[in-house]
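This report concerns only the one structure given below.
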There are 2 protein chains.
Amino acid sequence: MINQEFKAMLSNKNVIRNMAEFAAARGKEIGYENVFDFSLGNPSTVVPQEVTDYMIRLLQEKDSLALHGYSPTTGNVLYKEKIAESLNERFGMEYTGNHIFPTTGAAGALAHAVRAVTKPGDEILLFAPFFPEYTPYLTKAGLTMQVVPADTETFQINFDAFEEMLSEKTAAVLINTPNNPSGVVYSEETLTRLAKILYDCSDRYGHNIFLISDEPYREILYQGVQAPFVSRFYDHTLVCYSFAKSLSMPGERIGYVAVNPRCEDAEYIVPMCGQISRGIGHNCPPSFFQIAVAQFPSLTSDIRVYEKNMNLIYDTLMDLNMTCVKPDGTFYIFPKAPEEDSIAFCEKAKQYDLILVPGDSFGAPGFFRMAYCIDTEKVERAMPRFRQFIQEGYGTINPA
Amino acid sequence: MINQEFKAMLSNKNVIRNMAEFAAARGKEIGYENVFDFSLGNPSTVVPQEVTDYMIRLLQEKDSLALHGYSPTTGNVLYKEKIAESLNERFGMEYTGNHIFPTTGAAGALAHAVRAVTKPGDEILLFAPFFPEYTPYLTKAGLTMQVVPADTETFQINFDAFEEMLSEKTAAVLINTPNNPSGVVYSEETLTRLAKILYDCSDRYGHNIFLISDEPYREILYQGVQAPFVSRFYDHTLVCYSFAKSLSMPGERIGYVAVNPRCEDAEYIVPMCGQISRGIGHNCPPSFFQIAVAQFPSLTSDIRVYEKNMNLIYDTLMDLNMTCVKPDGTFYIFPKAPEEDSIAFCEKAKQYDLILVPGDSFGAPGFFRMAYCIDTEKVERAMPRFRQFIQEGYGTINPA
């Protein structure tokens, strides 16, 4: 008999993918260029030419067995060392290659990190708004999710709620900065306070609470913004990373877990990830991409387009007198809907061929996400339509 | 606290990898060319030049977003369709792209297939000798493994033992043909009898028993050998495949699950695999390799070297009067050790710089595996050493 639990999940699909599928279907009717699809976080910039050139050279020149053969159990040594070096230089850390576990993207990284530092039945705390896929990632590892309600004024951390929800059952805390969906970067002040609470609670409950920091947007920052490196604030931190967004290759599934050398049992965690892989069918990301990306651990695609798009949208929102925290980076923005029911709001938007994602599955009903990793030309064309939708549906919020 | 179960696994590592690591360490002492390393199933032939050329052309010509962007949830449509067509043409099946789920190698395929058709607590039957990694693959999906003892005369199926072990708790049966470690292909007769028993038991127990057929060596066949296509014999079959061995790219993690269109609930299984992915951090194999391999679903590397190597080893074994079933394909051979304790035998072999893997973790103590996916020149040099080891350790088995 097929597995009834997974069969039941079929009727409860990823809300973002559902919206993207609606956009694709509508595109077949009216031309996709006429659908203002803000659903998917699929980078719109290209892979840097020097990375493409290097990949071509690898295929032309490198020995086939060395290029396409099995990686060692815990990954390609050069890839691990180059990432450690890059993190050390940029963030003043002391990683070695032995602290880096290569993974198939950030999803693979999270699958390993959460299993390494929790056991089924444990609680993990995370903060709204959060990437909805965390729900299957965490619950299928046997964890109970405790969602700390959002601080909707700033999208930093709601510390009062957080402190109330921490308990001796808390094995780990998951954060995501720069944040999907809010675009906000956690400030030094936020991270300092978070670390202090985690140290205090670890003492109080007699076990270290691990911090899992999901950082796929770490390099997608707007002018003047610095993103503090989370692991510098708290020893027991595992970073989950993917080159999906920084090198615009989300389909290639290349990322890593970086274990803070000062973390409890740091020396075991990467080898344990190798064991975790055996149970979930992982066995290292593609050898070719490990070898290729090892040459470019700090490079990013040309990401200026995202800030340009963000400003176009943010200015329109402000002009319409809507409520929105301005993003510090990523390619997302998370405004407050002009009605309480953000699912209804996003349904109505479809009639204007505006594809928005309601905040409910991000743990923040009443808000909606726009992913603006699309051509600026399309954002420009979308703004009058968005303005029309708001004005027709909700009146002239801004009488000017 | 770190997960104690995975920590405990660190002292109980993959026996094949341990042998390979010993070989690498010994290679540093005396030169790897002097270590006769038969431990790892890492293909020794190169990726076909036309595949490499095509990958270069993709990088030179194809749009970066289309090449490196996210795959759809259940994989690249072209890859799925091309695989379906290839299987239909070669094996007279009726797959469509909707029956194919792209995975990160055969390990990824198995991780999805077993979760799709079982639930934690179910029993799965498999046959010795078997690939040792099946143990973590299956037990970490919550299954209880029931290992049917080997038919050591033929390495076909020990049907008497099999029928005794089937019960109403049996949710699935796992086979691997051509087989790692024996190199044997299950005959038409074996598969016909297996299917009949599975149909009968499905009737008797009131639920269909699924057959999971792990086929990464399907194309590695020796002269005159035909491998019957398992799914033709039994409707409720899920094929797990990887291009690792056929295209000599094991590090690239590109494979699939193929769901027999006549399988119970066939239409649900691929979408369910998409849901299973969300829980284990999978999210499709690399887009680049799906697009590349879609052009070559039936091609293989030049695999003649494996048969040449096999014959060299098999002839030596026969000359030494040792007992061995002759392989039909793969790049493995699984002879009987000349002493009962095959772990001791393989330890002694190390003194001759012969790296062999004991059969114990394959469920067949008393046997040992040689992976001969190495240069023929090295096999030739290894045979006198092997002969010396047997003769010095175990006397002249063959007085001629």
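FYI, nothing fancy with the structure tokens labels: chains A, B, ... in order, residues from 1 per chain, ligands from 1 as they appear.
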Next on the checklist: Based on the backbone DSSP call, show me all residues of segment 135-339 of chain B assigned helix (DSSP H, G or I), as a ChimeraX atom specification.
Outcome noted: /B:135-139,159-165,188-205,230-232,250-252,266-280,287-293,304-319
Next on the checklist: With only C-alpha atoms considered, list every residue of chain A at most 6 Å from chain B, as a PyMOL selection string.
Outcome noted: chain A and resi 1-3+6-7+46+56+64+68-71+107-108+111+116-119+136-137+140+249-253+272+278-281+286-287
Just-selected residues, N, CA and C atoms written as an mmCIF file, in the first residue's frame:
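This is the output file part20.cif:
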data_model
loop_
_atom_site.group_PDB
_atom_site.id
_atom_site.type_symbol
_atom_site.label_atom_id
_atom_site.label_comp_id
_atom_site.auth_asym_id
_atom_site.auth_seq_id
_atom_site.Cartn_x
_atom_site.Cartn_y
_atom_site.Cartn_z
ATOM 1 N N MET A 1 0.840 -1.184 0.000
ATOM 2 C CA MET A 1 0.000 0.000 0.000
ATOM 3 C C MET A 1 0.888 1.251 0.000
ATOM 4 N N ILE A 2 0.515 2.251 -0.787
ATOM 5 C CA ILE A 2 1.339 3.456 -0.787
ATOM 6 C C ILE A 2 1.184 4.177 0.544
ATOM 7 N N ASN A 3 2.129 5.027 0.845
ATOM 8 C CA ASN A 3 2.181 5.711 2.132
ATOM 9 C C ASN A 3 1.071 6.771 2.200
ATOM 10 N N PHE A 6 2.093 10.642 2.962
ATOM 11 C CA PHE A 6 2.588 11.432 1.837
ATOM 12 C C PHE A 6 1.481 11.660 0.806
ATOM 13 N N LYS A 7 0.591 10.676 0.675
ATOM 14 C CA LYS A 7 -0.521 10.865 -0.255
ATOM 15 C C LYS A 7 -1.383 12.052 0.215
ATOM 16 N N VAL A 46 22.192 36.284 -14.220
ATOM 17 C CA VAL A 46 22.866 35.116 -14.783
ATOM 18 C C VAL A 46 24.086 34.721 -13.941
ATOM 19 N N ILE A 56 33.510 25.419 -18.243
ATOM 20 C CA ILE A 56 33.852 24.925 -19.585
ATOM 21 C C ILE A 56 35.278 24.376 -19.585
ATOM 22 N N SER A 64 38.457 13.140 -16.468
ATOM 23 C CA SER A 64 37.050 12.766 -16.273
ATOM 24 C C SER A 64 36.822 12.086 -14.919
ATOM 25 N N HIS A 68 34.323 13.778 -12.366
ATOM 26 C CA HIS A 68 32.980 13.211 -12.236
ATOM 27 C C HIS A 68 32.902 12.024 -11.279
ATOM 28 N N GLY A 69 34.035 11.670 -10.651
ATOM 29 C CA GLY A 69 34.038 10.522 -9.727
ATOM 30 C C GLY A 69 33.386 10.865 -8.397
ATOM 31 N N TYR A 70 33.227 9.840 -7.556
ATOM 32 C CA TYR A 70 32.658 10.052 -6.225
ATOM 33 C C TYR A 70 33.480 11.067 -5.440
ATOM 34 N N SER A 71 32.790 11.910 -4.697
ATOM 35 C CA SER A 71 33.449 12.722 -3.669
ATOM 36 C C SER A 71 33.751 11.837 -2.470
ATOM 37 N N ALA A 107 18.458 23.367 1.407
ATOM 38 C CA ALA A 107 17.511 22.369 1.918
ATOM 39 C C ALA A 107 18.279 21.150 2.432
ATOM 40 N N GLY A 108 19.271 20.731 1.656
ATOM 41 C CA GLY A 108 20.123 19.618 2.102
ATOM 42 C C GLY A 108 20.896 19.993 3.357
ATOM 43 N N ALA A 111 18.541 19.830 6.284
ATOM 44 C CA ALA A 111 18.193 18.438 6.593
ATOM 45 C C ALA A 111 19.270 17.796 7.468
ATOM 46 N N ALA A 116 21.539 16.659 13.086
ATOM 47 C CA ALA A 116 22.784 16.512 13.846
ATOM 48 C C ALA A 116 22.628 16.985 15.292
ATOM 49 N N VAL A 117 21.790 17.986 15.521
ATOM 50 C CA VAL A 117 21.780 18.609 16.850
ATOM 51 C C VAL A 117 20.421 18.504 17.551
ATOM 52 N N THR A 118 19.579 17.642 17.047
ATOM 53 C CA THR A 118 18.307 17.387 17.735
ATOM 54 C C THR A 118 18.044 15.887 17.659
ATOM 55 N N LYS A 119 17.003 15.461 18.377
ATOM 56 C CA LYS A 119 16.515 14.094 18.189
ATOM 57 C C LYS A 119 14.992 14.180 18.034
ATOM 58 N N PRO A 136 7.820 21.330 6.459
ATOM 59 C CA PRO A 136 8.191 19.929 6.193
ATOM 60 C C PRO A 136 9.633 19.606 6.582
ATOM 61 N N TYR A 137 10.559 20.550 6.386
ATOM 62 C CA TYR A 137 11.958 20.256 6.740
ATOM 63 C C TYR A 137 12.066 19.831 8.205
ATOM 64 N N LYS A 140 9.381 16.668 9.440
ATOM 65 C CA LYS A 140 9.783 15.348 8.936
ATOM 66 C C LYS A 140 11.092 14.870 9.569
ATOM 67 N N MET A 249 22.495 30.004 -9.331
ATOM 68 C CA MET A 249 22.389 28.629 -9.822
ATOM 69 C C MET A 249 21.561 27.766 -8.870
ATOM 70 N N PRO A 250 20.294 28.178 -8.645
ATOM 71 C CA PRO A 250 19.485 27.450 -7.665
ATOM 72 C C PRO A 250 19.223 25.998 -8.057
ATOM 73 N N GLY A 251 19.191 25.734 -9.370
ATOM 74 C CA GLY A 251 18.911 24.370 -9.808
ATOM 75 C C GLY A 251 20.074 23.420 -9.592
ATOM 76 N N GLU A 252 21.254 23.953 -9.276
ATOM 77 C CA GLU A 252 22.423 23.074 -9.192
ATOM 78 C C GLU A 252 22.666 22.502 -7.802
ATOM 79 N N ARG A 253 21.906 22.970 -6.811
ATOM 80 C CA ARG A 253 21.895 22.316 -5.504
ATOM 81 C C ARG A 253 23.278 22.223 -4.900
ATOM 82 N N MET A 272 29.281 13.287 11.540
ATOM 83 C CA MET A 272 27.899 12.834 11.769
ATOM 84 C C MET A 272 27.007 13.172 10.576
ATOM 85 N N ARG A 278 23.556 8.934 4.875
ATOM 86 C CA ARG A 278 23.284 7.534 4.533
ATOM 87 C C ARG A 278 21.814 7.199 4.741
ATOM 88 N N GLY A 279 21.163 7.899 5.671
ATOM 89 C CA GLY A 279 19.765 7.600 5.953
ATOM 90 C C GLY A 279 18.772 8.354 5.072
ATOM 91 N N ILE A 280 19.218 9.425 4.423
ATOM 92 C CA ILE A 280 18.267 10.231 3.646
ATOM 93 C C ILE A 280 18.643 10.296 2.171
ATOM 94 N N GLY A 281 19.564 9.427 1.741
ATOM 95 C CA GLY A 281 19.866 9.319 0.312
ATOM 96 C C GLY A 281 20.595 10.516 -0.255
ATOM 97 N N PRO A 286 26.827 17.353 -6.302
ATOM 98 C CA PRO A 286 27.585 16.979 -7.493
ATOM 99 C C PRO A 286 29.059 17.355 -7.386
ATOM 100 N N SER A 287 29.899 16.418 -7.746
ATOM 101 C CA SER A 287 31.340 16.630 -7.725
ATOM 102 C C SER A 287 31.725 17.828 -8.600
#
Checklist entry - Any idea what the distance is between atom CA of Val259 of chain B and atom CA of Tyr241 of chain B? => result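 Pair atom CA of Val259 of chain B / atom CA of Tyr241 of chain B returns 11.3 Å.
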Next on the checklist: At a cut-off of 10 Å, using only C-alpha atoms, what residues contact Ile197 of chain A? Leave out same-chain residues fewer than 4 positions from it and give the result as a ChimeraX atom specification.
Outcome noted: /A:159,162-163,166,191-193,201-203
Output N, CA and C atoms of each residue in that selection to a file, as an mmCIF file, in the first residue's frame.
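Output file result_0.cif follows:
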data_model
loop_
_atom_site.group_PDB
_atom_site.id
_atom_site.type_symbol
_atom_site.label_atom_id
_atom_site.label_comp_id
_atom_site.auth_asym_id
_atom_site.auth_seq_id
_atom_site.Cartn_x
_atom_site.Cartn_y
_atom_site.Cartn_z
ATOM 1 N N PHE A 159 11.271 39.547 21.278
ATOM 2 C CA PHE A 159 12.000 38.868 22.358
ATOM 3 C C PHE A 159 11.113 38.461 23.524
ATOM 4 N N PHE A 162 9.597 35.291 22.564
ATOM 5 C CA PHE A 162 10.663 34.288 22.462
ATOM 6 C C PHE A 162 11.022 33.744 23.845
ATOM 7 N N GLU A 163 11.264 34.644 24.781
ATOM 8 C CA GLU A 163 11.694 34.192 26.113
ATOM 9 C C GLU A 163 10.620 33.364 26.806
ATOM 10 N N LEU A 166 10.779 29.670 25.181
ATOM 11 C CA LEU A 166 11.941 28.801 25.428
ATOM 12 C C LEU A 166 11.646 27.898 26.612
ATOM 13 N N LEU A 191 21.194 40.252 17.382
ATOM 14 C CA LEU A 191 21.988 39.021 17.525
ATOM 15 C C LEU A 191 22.675 38.949 18.887
ATOM 16 N N THR A 192 23.087 40.096 19.396
ATOM 17 C CA THR A 192 23.718 40.133 20.714
ATOM 18 C C THR A 192 22.719 39.693 21.788
ATOM 19 N N ARG A 193 21.518 40.223 21.678
ATOM 20 C CA ARG A 193 20.495 39.884 22.671
ATOM 21 C C ARG A 193 20.068 38.417 22.532
ATOM 22 N N CYS A 201 19.865 30.488 28.764
ATOM 23 C CA CYS A 201 18.963 29.331 28.804
ATOM 24 C C CYS A 201 19.740 28.028 28.766
ATOM 25 N N SER A 202 20.829 28.005 28.020
ATOM 26 C CA SER A 202 21.643 26.790 27.976
ATOM 27 C C SER A 202 22.137 26.464 29.377
ATOM 28 N N ASP A 203 22.563 27.508 30.097
ATOM 29 C CA ASP A 203 22.973 27.316 31.495
ATOM 30 C C ASP A 203 21.805 26.819 32.338
#
Checklist entry - Which is closest to Glu89 of chain A among A:Ser298, A:Thr330, A:Gln226, A:Ser213, if we use only C-alpha atoms? => result A:Ser298
List as a PDB file with N, CA and C atoms, in the first residue's frame the protein and nucleic acid residues near Ser246 of chain B, meaning an atom at most 9 Å away when only C-alpha atoms are counted, but skip any in the same chain fewer than 5 places from it.
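The resulting out.pdb:
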ATOM      1  N   PRO B  43      33.685   3.880 -11.078  1.00  0.00           N
ATOM      2  CA  PRO B  43      33.997   3.512 -12.459  1.00  0.00           C
ATOM      3  C   PRO B  43      35.356   4.021 -12.923  1.00  0.00           C
ATOM      4  N   VAL B  47      33.762   9.483 -18.980  1.00  0.00           N
ATOM      5  CA  VAL B  47      32.484   9.937 -19.533  1.00  0.00           C
ATOM      6  C   VAL B  47      32.624   9.955 -21.066  1.00  0.00           C
ATOM      7  N   PRO B 216      21.337   0.068 -10.895  1.00  0.00           N
ATOM      8  CA  PRO B 216      22.393   0.961 -11.406  1.00  0.00           C
ATOM      9  C   PRO B 216      23.357   0.272 -12.373  1.00  0.00           C
ATOM     10  N   TYR B 217      23.375  -1.069 -12.367  1.00  0.00           N
ATOM     11  CA  TYR B 217      24.315  -1.787 -13.246  1.00  0.00           C
ATOM     12  C   TYR B 217      23.607  -2.360 -14.469  1.00  0.00           C
ATOM     13  N   ARG B 218      22.374  -1.901 -14.736  1.00  0.00           N
ATOM     14  CA  ARG B 218      21.557  -2.532 -15.773  1.00  0.00           C
ATOM     15  C   ARG B 218      22.280  -2.650 -17.106  1.00  0.00           C
ATOM     16  N   GLU B 219      23.099  -1.663 -17.453  1.00  0.00           N
ATOM     17  CA  GLU B 219      23.749  -1.677 -18.765  1.00  0.00           C
ATOM     18  C   GLU B 219      25.141  -2.313 -18.747  1.00  0.00           C
ATOM     19  N   ILE B 220      25.638  -2.651 -17.555  1.00  0.00           N
ATOM     20  CA  ILE B 220      26.999  -3.199 -17.502  1.00  0.00           C
ATOM     21  C   ILE B 220      26.900  -4.725 -17.600  1.00  0.00           C
ATOM     22  N   SER B 298      20.268   6.343 -23.283  1.00  0.00           N
ATOM     23  CA  SER B 298      20.575   4.927 -23.542  1.00  0.00           C
ATOM     24  C   SER B 298      22.062   4.676 -23.760  1.00  0.00           C
ATOM     25  N   LEU B 299      22.854   5.725 -23.690  1.00  0.00           N
ATOM     26  CA  LEU B 299      24.281   5.590 -23.990  1.00  0.00           C
ATOM     27  C   LEU B 299      25.042   4.989 -22.802  1.00  0.00           C
ATOM     28  N   THR B 300      26.151   4.303 -23.089  1.00  0.00           N
ATOM     29  CA  THR B 300      27.058   3.917 -22.002  1.00  0.00           C
ATOM     30  C   THR B 300      28.486   4.283 -22.386  1.00  0.00           C
ATOM     31  N   SER B 301      29.315   4.430 -21.357  1.00  0.00           N
ATOM     32  CA  SER B 301      30.754   4.549 -21.557  1.00  0.00           C
ATOM     33  C   SER B 301      31.263   3.246 -22.167  1.00  0.00           C
ATOM     34  N   ASP B 302      32.514   3.249 -22.554  1.00  0.00           N
ATOM     35  CA  ASP B 302      33.139   2.035 -23.082  1.00  0.00           C
ATOM     36  C   ASP B 302      33.399   1.084 -21.902  1.00  0.00           C
ATOM     37  N   ILE B 303      32.544   0.065 -21.810  1.00  0.00           N
ATOM     38  CA  ILE B 303      32.594  -0.785 -20.611  1.00  0.00           C
ATOM     39  C   ILE B 303      33.306  -2.115 -20.850  1.00  0.00           C
TER      40      ILE B 303
END
